[in-house]
Amino acid sequence: MHKIRLLSVLIVAAIVISIWAMSAAASDEIGSIVSVSGDAKIGRGGATLNATSGMPIRVHDQLSTSPDGSLTLGFPDGTSLSLAGATAISIDDSSAVDGKPAPSRVTLLRGKLHTNVPDKTTGATHTIEIDTPDVRAVAPAAEH
């Protein structure tokens with residue numbers, strides 16, 4: 001009887017830990033890929049993945065497009081980032097805007113990036129900081 005009780009406790013503990021780990025992984029997701037054209041990649045945790053529409057985006061992901069590729073990322077607060085061909089970025093940090101995750105710091109490694117930050121008529125402020133090898137820009141919406 002004691003062994004059965006111990007086994008039951010261990011099984012419940014394993015289930016709780018599994019659920020916690022899955023929710024922690026899901027909380028790392030701050031947005032998703034809205035559209036992909038041509039070849040685009042995501043660098044994540046040492047792996048390189050082919051970018052596909054609907055794929056989640058996480059903080060610390062590095063995204064890149066081939067010269068003939070393009071990629072648009074969407075975030076729950078309505079912000080979008082569009083990468084032109086031969087562009088690479090890193091999603092460095094995020095913040096909550098009205099309780100929704102949004103990118104707050106992006107590094108433009110090369111190429112051309114267009115940001116779209118929706119009008120915040122609610123009074124909430126949101127900026128995206130974009131770092132390049134030469135310039136740091138903090139703006140509500142800009143093309144870099």
# chains A, B, ... in the order shown; residues from 1 in each chain; ligands from 1

call {"tool": "select_by_dssp", "arguments": {"residues": "stretch 24-65 of chain A", "states": "helix (DSSP H, G or I)", "output": "PyMOL selection string"}}
result
chain A and resi 24-27

call {"tool": "residues_around", "arguments": {"residues": "A:Leu73", "least_positions_apart": "2", "cutoff": "8 Å", "atoms": "only C-alpha atoms", "output": "PDB file with all heavy atoms, in the first residue's frame"}}
result
ATOM      1  N   GLY A  31       5.084  36.471 -30.028  1.00  0.00           N
ATOM      2  CA  GLY A  31       4.420  36.772 -31.279  1.00  0.00           C
ATOM      3  C   GLY A  31       4.520  35.585 -32.214  1.00  0.00           C
ATOM      4  O   GLY A  31       4.862  34.484 -31.793  1.00  0.00           O
ATOM      5  N   SER A  32       4.226  35.843 -33.493  1.00  0.00           N
ATOM      6  CA  SER A  32       4.302  34.765 -34.473  1.00  0.00           C
ATOM      7  C   SER A  32       4.622  35.330 -35.851  1.00  0.00           C
ATOM      8  O   SER A  32       4.517  36.528 -36.087  1.00  0.00           O
ATOM      9  CB  SER A  32       2.976  33.990 -34.523  1.00  0.00           C
ATOM     10  OG  SER A  32       1.938  34.829 -34.963  1.00  0.00           O
ATOM     11  N   ILE A  33       4.985  34.426 -36.744  1.00  0.00           N
ATOM     12  CA  ILE A  33       5.246  34.801 -38.127  1.00  0.00           C
ATOM     13  C   ILE A  33       3.911  34.918 -38.842  1.00  0.00           C
ATOM     14  O   ILE A  33       3.108  33.990 -38.835  1.00  0.00           O
ATOM     15  CB  ILE A  33       6.160  33.777 -38.811  1.00  0.00           C
ATOM     16  CG1 ILE A  33       7.527  33.760 -38.117  1.00  0.00           C
ATOM     17  CG2 ILE A  33       6.290  34.083 -40.305  1.00  0.00           C
ATOM     18  CD1 ILE A  33       8.467  32.700 -38.630  1.00  0.00           C
ATOM     19  N   VAL A  34       3.668  36.084 -39.429  1.00  0.00           N
ATOM     20  CA  VAL A  34       2.414  36.348 -40.136  1.00  0.00           C
ATOM     21  C   VAL A  34       2.535  35.919 -41.593  1.00  0.00           C
ATOM     22  O   VAL A  34       1.622  35.312 -42.146  1.00  0.00           O
ATOM     23  CB  VAL A  34       2.041  37.847 -40.041  1.00  0.00           C
ATOM     24  CG1 VAL A  34       0.813  38.158 -40.871  1.00  0.00           C
ATOM     25  CG2 VAL A  34       1.838  38.244 -38.591  1.00  0.00           C
ATOM     26  N   SER A  35       3.658  36.228 -42.218  1.00  0.00           N
ATOM     27  CA  SER A  35       3.844  35.845 -43.613  1.00  0.00           C
ATOM     28  C   SER A  35       5.325  35.646 -43.911  1.00  0.00           C
ATOM     29  O   SER A  35       6.184  36.274 -43.298  1.00  0.00           O
ATOM     30  CB  SER A  35       3.249  36.888 -44.563  1.00  0.00           C
ATOM     31  OG  SER A  35       3.960  38.096 -44.461  1.00  0.00           O
ATOM     32  N   ILE A  57       7.286  33.234 -32.219  1.00  0.00           N
ATOM     33  CA  ILE A  57       8.524  34.002 -32.079  1.00  0.00           C
ATOM     34  C   ILE A  57       8.789  34.153 -30.589  1.00  0.00           C
ATOM     35  O   ILE A  57       7.878  34.432 -29.807  1.00  0.00           O
ATOM     36  CB  ILE A  57       8.386  35.395 -32.730  1.00  0.00           C
ATOM     37  CG1 ILE A  57       8.108  35.255 -34.221  1.00  0.00           C
ATOM     38  CG2 ILE A  57       9.632  36.248 -32.487  1.00  0.00           C
ATOM     39  CD1 ILE A  57       9.157  34.493 -34.983  1.00  0.00           C
ATOM     40  N   LEU A  71       9.789  38.658 -44.626  1.00  0.00           N
ATOM     41  CA  LEU A  71       9.193  38.036 -43.455  1.00  0.00           C
ATOM     42  C   LEU A  71       8.465  39.110 -42.661  1.00  0.00           C
ATOM     43  O   LEU A  71       8.994  40.200 -42.471  1.00  0.00           O
ATOM     44  CB  LEU A  71      10.326  37.430 -42.608  1.00  0.00           C
ATOM     45  CG  LEU A  71      10.039  36.707 -41.318  1.00  0.00           C
ATOM     46  CD1 LEU A  71       9.275  35.423 -41.596  1.00  0.00           C
ATOM     47  CD2 LEU A  71      11.351  36.365 -40.626  1.00  0.00           C
ATOM     48  N   PHE A  75       2.548  40.695 -33.431  1.00  0.00           N
ATOM     49  CA  PHE A  75       2.551  40.589 -31.983  1.00  0.00           C
ATOM     50  C   PHE A  75       1.167  40.922 -31.447  1.00  0.00           C
ATOM     51  O   PHE A  75       0.418  41.684 -32.066  1.00  0.00           O
ATOM     52  CB  PHE A  75       3.627  41.511 -31.406  1.00  0.00           C
ATOM     53  CG  PHE A  75       4.994  41.168 -31.923  1.00  0.00           C
ATOM     54  CD1 PHE A  75       5.487  41.772 -33.066  1.00  0.00           C
ATOM     55  CD2 PHE A  75       5.771  40.200 -31.306  1.00  0.00           C
ATOM     56  CE1 PHE A  75       6.736  41.437 -33.577  1.00  0.00           C
ATOM     57  CE2 PHE A  75       7.014  39.852 -31.812  1.00  0.00           C
ATOM     58  CZ  PHE A  75       7.500  40.468 -32.943  1.00  0.00           C
ATOM     59  N   SER A  80       3.909  45.158 -35.624  1.00  0.00           N
ATOM     60  CA  SER A  80       4.466  44.236 -36.614  1.00  0.00           C
ATOM     61  C   SER A  80       5.863  44.697 -37.014  1.00  0.00           C
ATOM     62  O   SER A  80       6.176  45.886 -36.959  1.00  0.00           O
ATOM     63  CB  SER A  80       3.566  44.126 -37.845  1.00  0.00           C
ATOM     64  OG  SER A  80       3.507  45.346 -38.539  1.00  0.00           O
ATOM     65  N   LEU A  81       6.680  43.738 -37.372  1.00  0.00           N
ATOM     66  CA  LEU A  81       8.023  43.979 -37.885  1.00  0.00           C
ATOM     67  C   LEU A  81       8.118  43.281 -39.231  1.00  0.00           C
ATOM     68  O   LEU A  81       7.792  42.101 -39.337  1.00  0.00           O
ATOM     69  CB  LEU A  81       9.092  43.405 -36.946  1.00  0.00           C
ATOM     70  CG  LEU A  81       9.103  43.894 -35.503  1.00  0.00           C
ATOM     71  CD1 LEU A  81      10.170  43.132 -34.701  1.00  0.00           C
ATOM     72  CD2 LEU A  81       9.378  45.385 -35.444  1.00  0.00           C
ATOM     73  N   SER A  82       8.556  44.002 -40.259  1.00  0.00           N
ATOM     74  CA  SER A  82       8.698  43.428 -41.592  1.00  0.00           C
ATOM     75  C   SER A  82      10.153  43.493 -42.016  1.00  0.00           C
ATOM     76  O   SER A  82      10.757  44.567 -42.036  1.00  0.00           O
ATOM     77  CB  SER A  82       7.827  44.190 -42.595  1.00  0.00           C
ATOM     78  OG  SER A  82       6.471  44.061 -42.255  1.00  0.00           O
TER      79      SER A  82
END

call {"tool": "atom_distance", "arguments": {"atom1": "atom CA of A:Ser95", "atom2": "atom CA of A:Leu108"}}
result
18.4 Å

call {"tool": "closest_residue", "arguments": {"among": "A:Val97, A:Ala51, A:Ile30, A:Ile89", "to": "A:Asp77", "atoms": "only C-alpha atoms"}}
result
A:Val97

call {"tool": "select_by_dssp", "arguments": {"residues": "stretch 59-90 of chain A", "states": "strand (DSSP E or B)", "output": "list in words"}}
result
Gln62, Leu63, Ser64, Thr65, Ser70, Leu71, Thr72, Leu73, Gly74, Ser80, Leu81, Ser82, Leu83, Ala88, Ile89 and Ser90 of chain A

call {"tool": "closest_residue", "arguments": {"among": "A:Thr48, A:Ser66, A:Asn116, A:Ser53", "to": "A:Pro103", "atoms": "only C-alpha atoms"}}
result
A:Asn116
